[in-house]
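K.L.:
Here's a structure for you.
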Amino acid sequence: MSDNKETAESKKELGNAEFASKNYKKAIEHYTDGIRLDPHNHILFSNRSACHYSLEDYTNAADDAKECIKLNPAFIKGYYRLIQALIEQKDWDGALGTVRQGLQLDGENSQLLKQLRIITQQKKKMDVAAKQATAMSDARSANIAGSNKEESDEIRELQEQYVATNRELQIINSNIQKSQREQKLADITLGEINKMTSGDDDGRNLYRGVGKMFMLSSRPEVLDHLKKSTADAKKDESDLIQKRVYLQKRISSQQQNLQELIKASR
């Protein structure tokens with residue numbers, strides 16, 4: 001074992017001790033020091049993800065879990081960490097996709113099966129809530145059509161906004177997953193190109209995708225293109241995550257307002 005890896009292991013043990021004492025910020029510092037020394041140690045990313053989760057920093061918890069999975073796709077706990085963070089972000093589609101990936105590796109894993117039940121139940125609740133909101137709005141509109149049209153219109157309008165916001169959130173979640181897939185593909189391609197030896201191979205031409213076509217480009221040009229694509233995808237993902245947080249808050253507010261309106265109109 002190299003000196004860096006040995007030191008990284010000692011940093012991990014220090015982090016584990018702080019985590020056990022619930023000193024999560026201090027534990028993050030130790031795990032981060034370890035990652036600097038051994039950036040391919042998936043356990044360090046998994047442990048740091050757990051710290052972020054305990055601090056309710058679900059975005060960084062998810063990011064570290066994704067890196068853990070990328071470094072070791074067979075490490076089940078990485079999927080568990082990511083699913084935990086996605087559940088807290090109410091990204092039910094992302095959580096469902098991740099739990100299915102994990103179950104492909106270990107179909108009998110009790111933790112993943114429990115998470116699958118939670119996700120399935122929550123998705124059903126969201127579907128039922130949306131249907132109930134529509135049904136209550138329609139029923140109330142019919143009952144008060146002749147006596148209180150303004151109130152009926154307000155309920156209907158708010159219900160339409162609630163449904164539209166939910167649809168927008170689903171699109172955002174799909175776009176986040178698309179951005180993550182693009183980053184993963186670019187990372188894999190970069191890794192394969194970087195395996196090529198330098199020197200003579202620097203002059204080797206490679207094909208890169210341009211729309212539906214392929215263009216013959218130099219190795220440095222392909223590398224620059226991939227790095228730019230990865231940076232753009234990461235920025236897109238960050239922007240989309242911020243918008244998702246906003247939409248989740250908006251949905252919660254709309255749902256509360258709708259329930260209050262319906263209750264007041266009875």
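Labels for the structure tokens follow display order: chains A, B, ..., residues from 1 in each chain, ligands from 1.
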Do you know which residues are at most 10 Å from Glu88 (chain A) counting only C-alpha atoms, after dropping those on the same chain fewer than 5 positions away, and could you put them as JSON, numbers by chain?

P.N.:
{"A": [53, 56, 57, 58, 59, 83, 95]}

K.L.:
Tell me which protein, DNA and RNA residues are within 10 Å of region 241-255 of chain A, counting only C-alpha atoms, leaving out same-chain ones fewer than 3 positions away, and put them as a PyMOL selection string.

P.N.:
chain A and resi 59+89-91+129-130+133+158-159+161-166+168-173+175-176+235-238+258-261

K.L.:
Please dump the current selection as a PDB file, in the first residue's frame; keep C-alpha atoms.

P.N.:
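Below is the file result39.pdb, written as the result:
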ATOM      1  CA  THR A  59     -27.578  17.614  -2.566  1.00  0.00           C
ATOM      2  CA  GLN A  89     -35.312  15.596  -2.249  1.00  0.00           C
ATOM      3  CA  LYS A  90     -38.642  13.997  -3.222  1.00  0.00           C
ATOM      4  CA  ASP A  91     -37.081  12.849  -6.496  1.00  0.00           C
ATOM      5  CA  ALA A 129     -53.544  13.344  -3.858  1.00  0.00           C
ATOM      6  CA  ALA A 130     -53.635  14.736  -7.380  1.00  0.00           C
ATOM      7  CA  ALA A 133     -57.655  17.380  -5.617  1.00  0.00           C
ATOM      8  CA  LEU A 158     -55.458  26.525  -8.045  1.00  0.00           C
ATOM      9  CA  GLN A 159     -56.045  22.850  -8.778  1.00  0.00           C
ATOM     10  CA  GLN A 161     -51.800  25.131 -11.157  1.00  0.00           C
ATOM     11  CA  TYR A 162     -51.071  22.241  -8.786  1.00  0.00           C
ATOM     12  CA  VAL A 163     -51.347  19.663 -11.566  1.00  0.00           C
ATOM     13  CA  ALA A 164     -49.239  21.812 -13.929  1.00  0.00           C
ATOM     14  CA  THR A 165     -46.499  22.260 -11.313  1.00  0.00           C
ATOM     15  CA  ASN A 166     -46.378  18.499 -10.706  1.00  0.00           C
ATOM     16  CA  GLU A 168     -43.191  20.527 -14.559  1.00  0.00           C
ATOM     17  CA  LEU A 169     -41.446  18.792 -11.648  1.00  0.00           C
ATOM     18  CA  GLN A 170     -41.572  15.454 -13.481  1.00  0.00           C
ATOM     19  CA  ILE A 171     -39.956  17.073 -16.525  1.00  0.00           C
ATOM     20  CA  ILE A 172     -37.232  18.624 -14.347  1.00  0.00           C
ATOM     21  CA  ASN A 173     -36.498  15.252 -12.728  1.00  0.00           C
ATOM     22  CA  ASN A 175     -33.875  16.345 -17.370  1.00  0.00           C
ATOM     23  CA  ILE A 176     -31.702  15.905 -14.247  1.00  0.00           C
ATOM     24  CA  LYS A 235     -23.987  23.403 -14.704  1.00  0.00           C
ATOM     25  CA  ASP A 236     -27.292  22.302 -16.222  1.00  0.00           C
ATOM     26  CA  GLU A 237     -27.759  19.758 -13.434  1.00  0.00           C
ATOM     27  CA  SER A 238     -27.026  22.379 -10.768  1.00  0.00           C
ATOM     28  CA  LEU A 258     -56.044  24.196  -1.997  1.00  0.00           C
ATOM     29  CA  GLN A 259     -56.910  22.237   1.139  1.00  0.00           C
ATOM     30  CA  GLU A 260     -57.640  25.482   3.033  1.00  0.00           C
ATOM     31  CA  LEU A 261     -59.867  26.798   0.256  1.00  0.00           C
TER      32      LEU A 261
END

K.L.:
Need the shell around Asp38 (chain A): protein/DNA/RNA residues with any atom at most 7 Å away, counting only C-alpha atoms. Skip same-chain ones fewer than 5 positions apart. Format as an MDAnalysis selection string?

P.N.:
chainID A and resid 4:5 8

K.L.:
When you look at Gln180 (chain A) with a cut-off of 8 Å (counting only C-alpha atoms), what residues show up, excluding the ones that are within fewer than 2 positions of it in the same chain? I need them as JSON, numbers by chain.

P.N.:
{"A": [176, 177, 178, 182, 183, 184, 233, 234, 237]}

K.L.:
Looking at only C-alpha atoms, which of A:Arg100, A:Pro39, A:Asn47, A:Gly94 is the one that sits closest to Ala17 (chain A)?

P.N.:
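The shortest atom-to-atom distance to Ala17 (chain A) comes from A:Asn47.
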
K.L.:
Of the candidates A:Ala50, A:Ala61, A:Thr189, A:Ile262, which shows the shortest atom-to-atom distance to Ile155 (chain A), using only C-alpha atoms?

P.N.:
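That would be A:Ile262, the residue with the smallest distance to Ile155 (chain A).
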
K.L.:
Residues at most 10 Å from Leu226 (chain A), counting only C-alpha atoms, excluding those fewer than 4 positions away in the same chain, as a PyMOL selection string?

P.N.:
chain A and resi 183+185-187+189-190+208+220-222+230-232

K.L.:
Okay, now the selection with C-alpha atoms, as a compact mmCIF listing (two decimals), in the first residue's frame?

P.N.:
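Wrote result-v6.txt, looks like this:
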# COMPACT_ATOMS: atom_id res chain seq x y z
CA GLN A 183 -21.94 13.26 -17.49
CA LEU A 185 -21.02 8.82 -20.56
CA ALA A 186 -18.52 11.68 -20.94
CA ASP A 187 -16.58 10.48 -17.87
CA THR A 189 -15.22 8.22 -22.65
CA LEU A 190 -12.62 10.47 -21.02
CA ARG A 208 -16.53 12.41 -32.06
CA PRO A 220 -6.78 17.15 -27.84
CA GLU A 221 -9.87 18.48 -29.64
CA VAL A 222 -11.93 15.49 -28.50
CA THR A 230 -19.11 17.62 -18.86
CA ALA A 231 -18.82 21.14 -17.43
CA ASP A 232 -21.97 22.24 -19.29

K.L.:
Would you kindly return, as a PyMOL selection string, each protein, DNA or RNA residue with an atom no farther than 8 Å from any atom of region 77-81 of chain A, considering only C-alpha atoms and excluding same-chain residues fewer than 5 positions away?

P.N.:
chain A and resi 46+49-50+61-62+65-66+68-69+98-99+101-102+111-112

K.L.:
So which residues of region 10-46 of chain A fall under alpha helix (DSSP H) by DSSP, listed as a PyMOL selection string?

P.N.:
chain A and resi 10-20+24-37+42-46

K.L.:
Take the residues that were just selected and, keeping N, CA and C atoms, output them as a tab-separated table (two decimals), in the first residue's frame.

P.N.:
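What ended up in again.tsv:
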chain	number	residue	atom	x	y	z
A	10	SER	N	-5.93	6.21	7.43
A	10	SER	CA	-5.92	6.78	8.79
A	10	SER	C	-6.91	7.93	8.89
A	11	LYS	N	-7.04	8.71	7.80
A	11	LYS	CA	-8.03	9.80	7.78
A	11	LYS	C	-9.45	9.22	7.85
A	12	LYS	N	-9.64	8.09	7.18
A	12	LYS	CA	-10.95	7.45	7.22
A	12	LYS	C	-11.30	7.02	8.65
A	13	GLU	N	-10.33	6.44	9.34
A	13	GLU	CA	-10.58	5.99	10.72
A	13	GLU	C	-10.89	7.19	11.63
A	14	LEU	N	-10.18	8.31	11.41
A	14	LEU	CA	-10.48	9.52	12.19
A	14	LEU	C	-11.89	10.01	11.89
A	15	GLY	N	-12.25	9.97	10.62
A	15	GLY	CA	-13.60	10.37	10.23
A	15	GLY	C	-14.66	9.47	10.85
A	16	ASN	N	-14.39	8.17	10.84
A	16	ASN	CA	-15.34	7.22	11.42
A	16	ASN	C	-15.57	7.49	12.91
A	17	ALA	N	-14.48	7.83	13.60
A	17	ALA	CA	-14.59	8.13	15.03
A	17	ALA	C	-15.44	9.36	15.27
A	18	GLU	N	-15.23	10.39	14.45
A	18	GLU	CA	-16.02	11.63	14.58
A	18	GLU	C	-17.48	11.37	14.21
A	19	PHE	N	-17.69	10.54	13.20
A	19	PHE	CA	-19.07	10.21	12.79
A	19	PHE	C	-19.80	9.48	13.92
A	20	ALA	N	-19.10	8.55	14.55
A	20	ALA	CA	-19.71	7.80	15.66
A	20	ALA	C	-20.08	8.72	16.82
A	24	TYR	N	-20.36	15.49	12.68
A	24	TYR	CA	-20.40	15.24	11.25
A	24	TYR	C	-19.52	16.20	10.44
A	25	LYS	N	-19.48	17.45	10.83
A	25	LYS	CA	-18.65	18.42	10.09
A	25	LYS	C	-17.17	18.07	10.21
A	26	LYS	N	-16.76	17.66	11.41
A	26	LYS	CA	-15.36	17.27	11.60
A	26	LYS	C	-15.07	16.00	10.82
A	27	ALA	N	-16.02	15.08	10.81
A	27	ALA	CA	-15.84	13.84	10.05
A	27	ALA	C	-15.68	14.14	8.57
A	28	ILE	N	-16.46	15.10	8.05
A	28	ILE	CA	-16.35	15.49	6.64
A	28	ILE	C	-14.94	15.99	6.33
A	29	GLU	N	-14.37	16.75	7.25
A	29	GLU	CA	-13.01	17.26	7.04
A	29	GLU	C	-12.02	16.11	6.89
A	30	HIS	N	-12.13	15.10	7.74
A	30	HIS	CA	-11.21	13.96	7.67
A	30	HIS	C	-11.42	13.16	6.38
A	31	TYR	N	-12.68	12.92	6.03
A	31	TYR	CA	-12.95	12.16	4.81
A	31	TYR	C	-12.46	12.94	3.58
A	32	THR	N	-12.64	14.25	3.59
A	32	THR	CA	-12.18	15.07	2.47
A	32	THR	C	-10.66	15.02	2.34
A	33	ASP	N	-9.97	15.07	3.47
A	33	ASP	CA	-8.50	14.94	3.45
A	33	ASP	C	-8.11	13.58	2.86
A	34	GLY	N	-8.84	12.55	3.24
A	34	GLY	CA	-8.56	11.22	2.71
A	34	GLY	C	-8.79	11.14	1.21
A	35	ILE	N	-9.85	11.80	0.74
A	35	ILE	CA	-10.17	11.79	-0.70
A	35	ILE	C	-9.07	12.50	-1.49
A	36	ARG	N	-8.52	13.56	-0.94
A	36	ARG	CA	-7.43	14.25	-1.63
A	36	ARG	C	-6.22	13.31	-1.82
A	37	LEU	N	-6.01	12.46	-0.84
A	37	LEU	CA	-4.87	11.53	-0.89
A	37	LEU	C	-5.18	10.30	-1.75
A	42	HIS	N	-13.76	4.56	-2.87
A	42	HIS	CA	-15.21	4.74	-2.88
A	42	HIS	C	-15.80	4.79	-1.47
A	43	ILE	N	-15.14	4.12	-0.52
A	43	ILE	CA	-15.65	4.11	0.86
A	43	ILE	C	-15.64	5.52	1.45
A	44	LEU	N	-14.61	6.30	1.14
A	44	LEU	CA	-14.52	7.66	1.65
A	44	LEU	C	-15.69	8.51	1.15
A	45	PHE	N	-16.05	8.33	-0.12
A	45	PHE	CA	-17.19	9.07	-0.66
A	45	PHE	C	-18.50	8.60	-0.02
A	46	SER	N	-18.63	7.31	0.20
A	46	SER	CA	-19.83	6.77	0.85
A	46	SER	C	-19.97	7.33	2.26

K.L.:
Between CA of Leu86 (chain A) and CA of Gln115 (chain A), what is the distance in Å, rounded to a tenth?

P.N.:
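Value for the CA of Leu86 (chain A)-CA of Gln115 (chain A) distance: 10.9 Å.
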
K.L.:
Taking only C-alpha atoms into account, name the residue in A:Gln256, A:Leu96, A:Lys123, A:Lys227 that is nearest to Gly191 (chain A).

P.N.:
A:Lys227
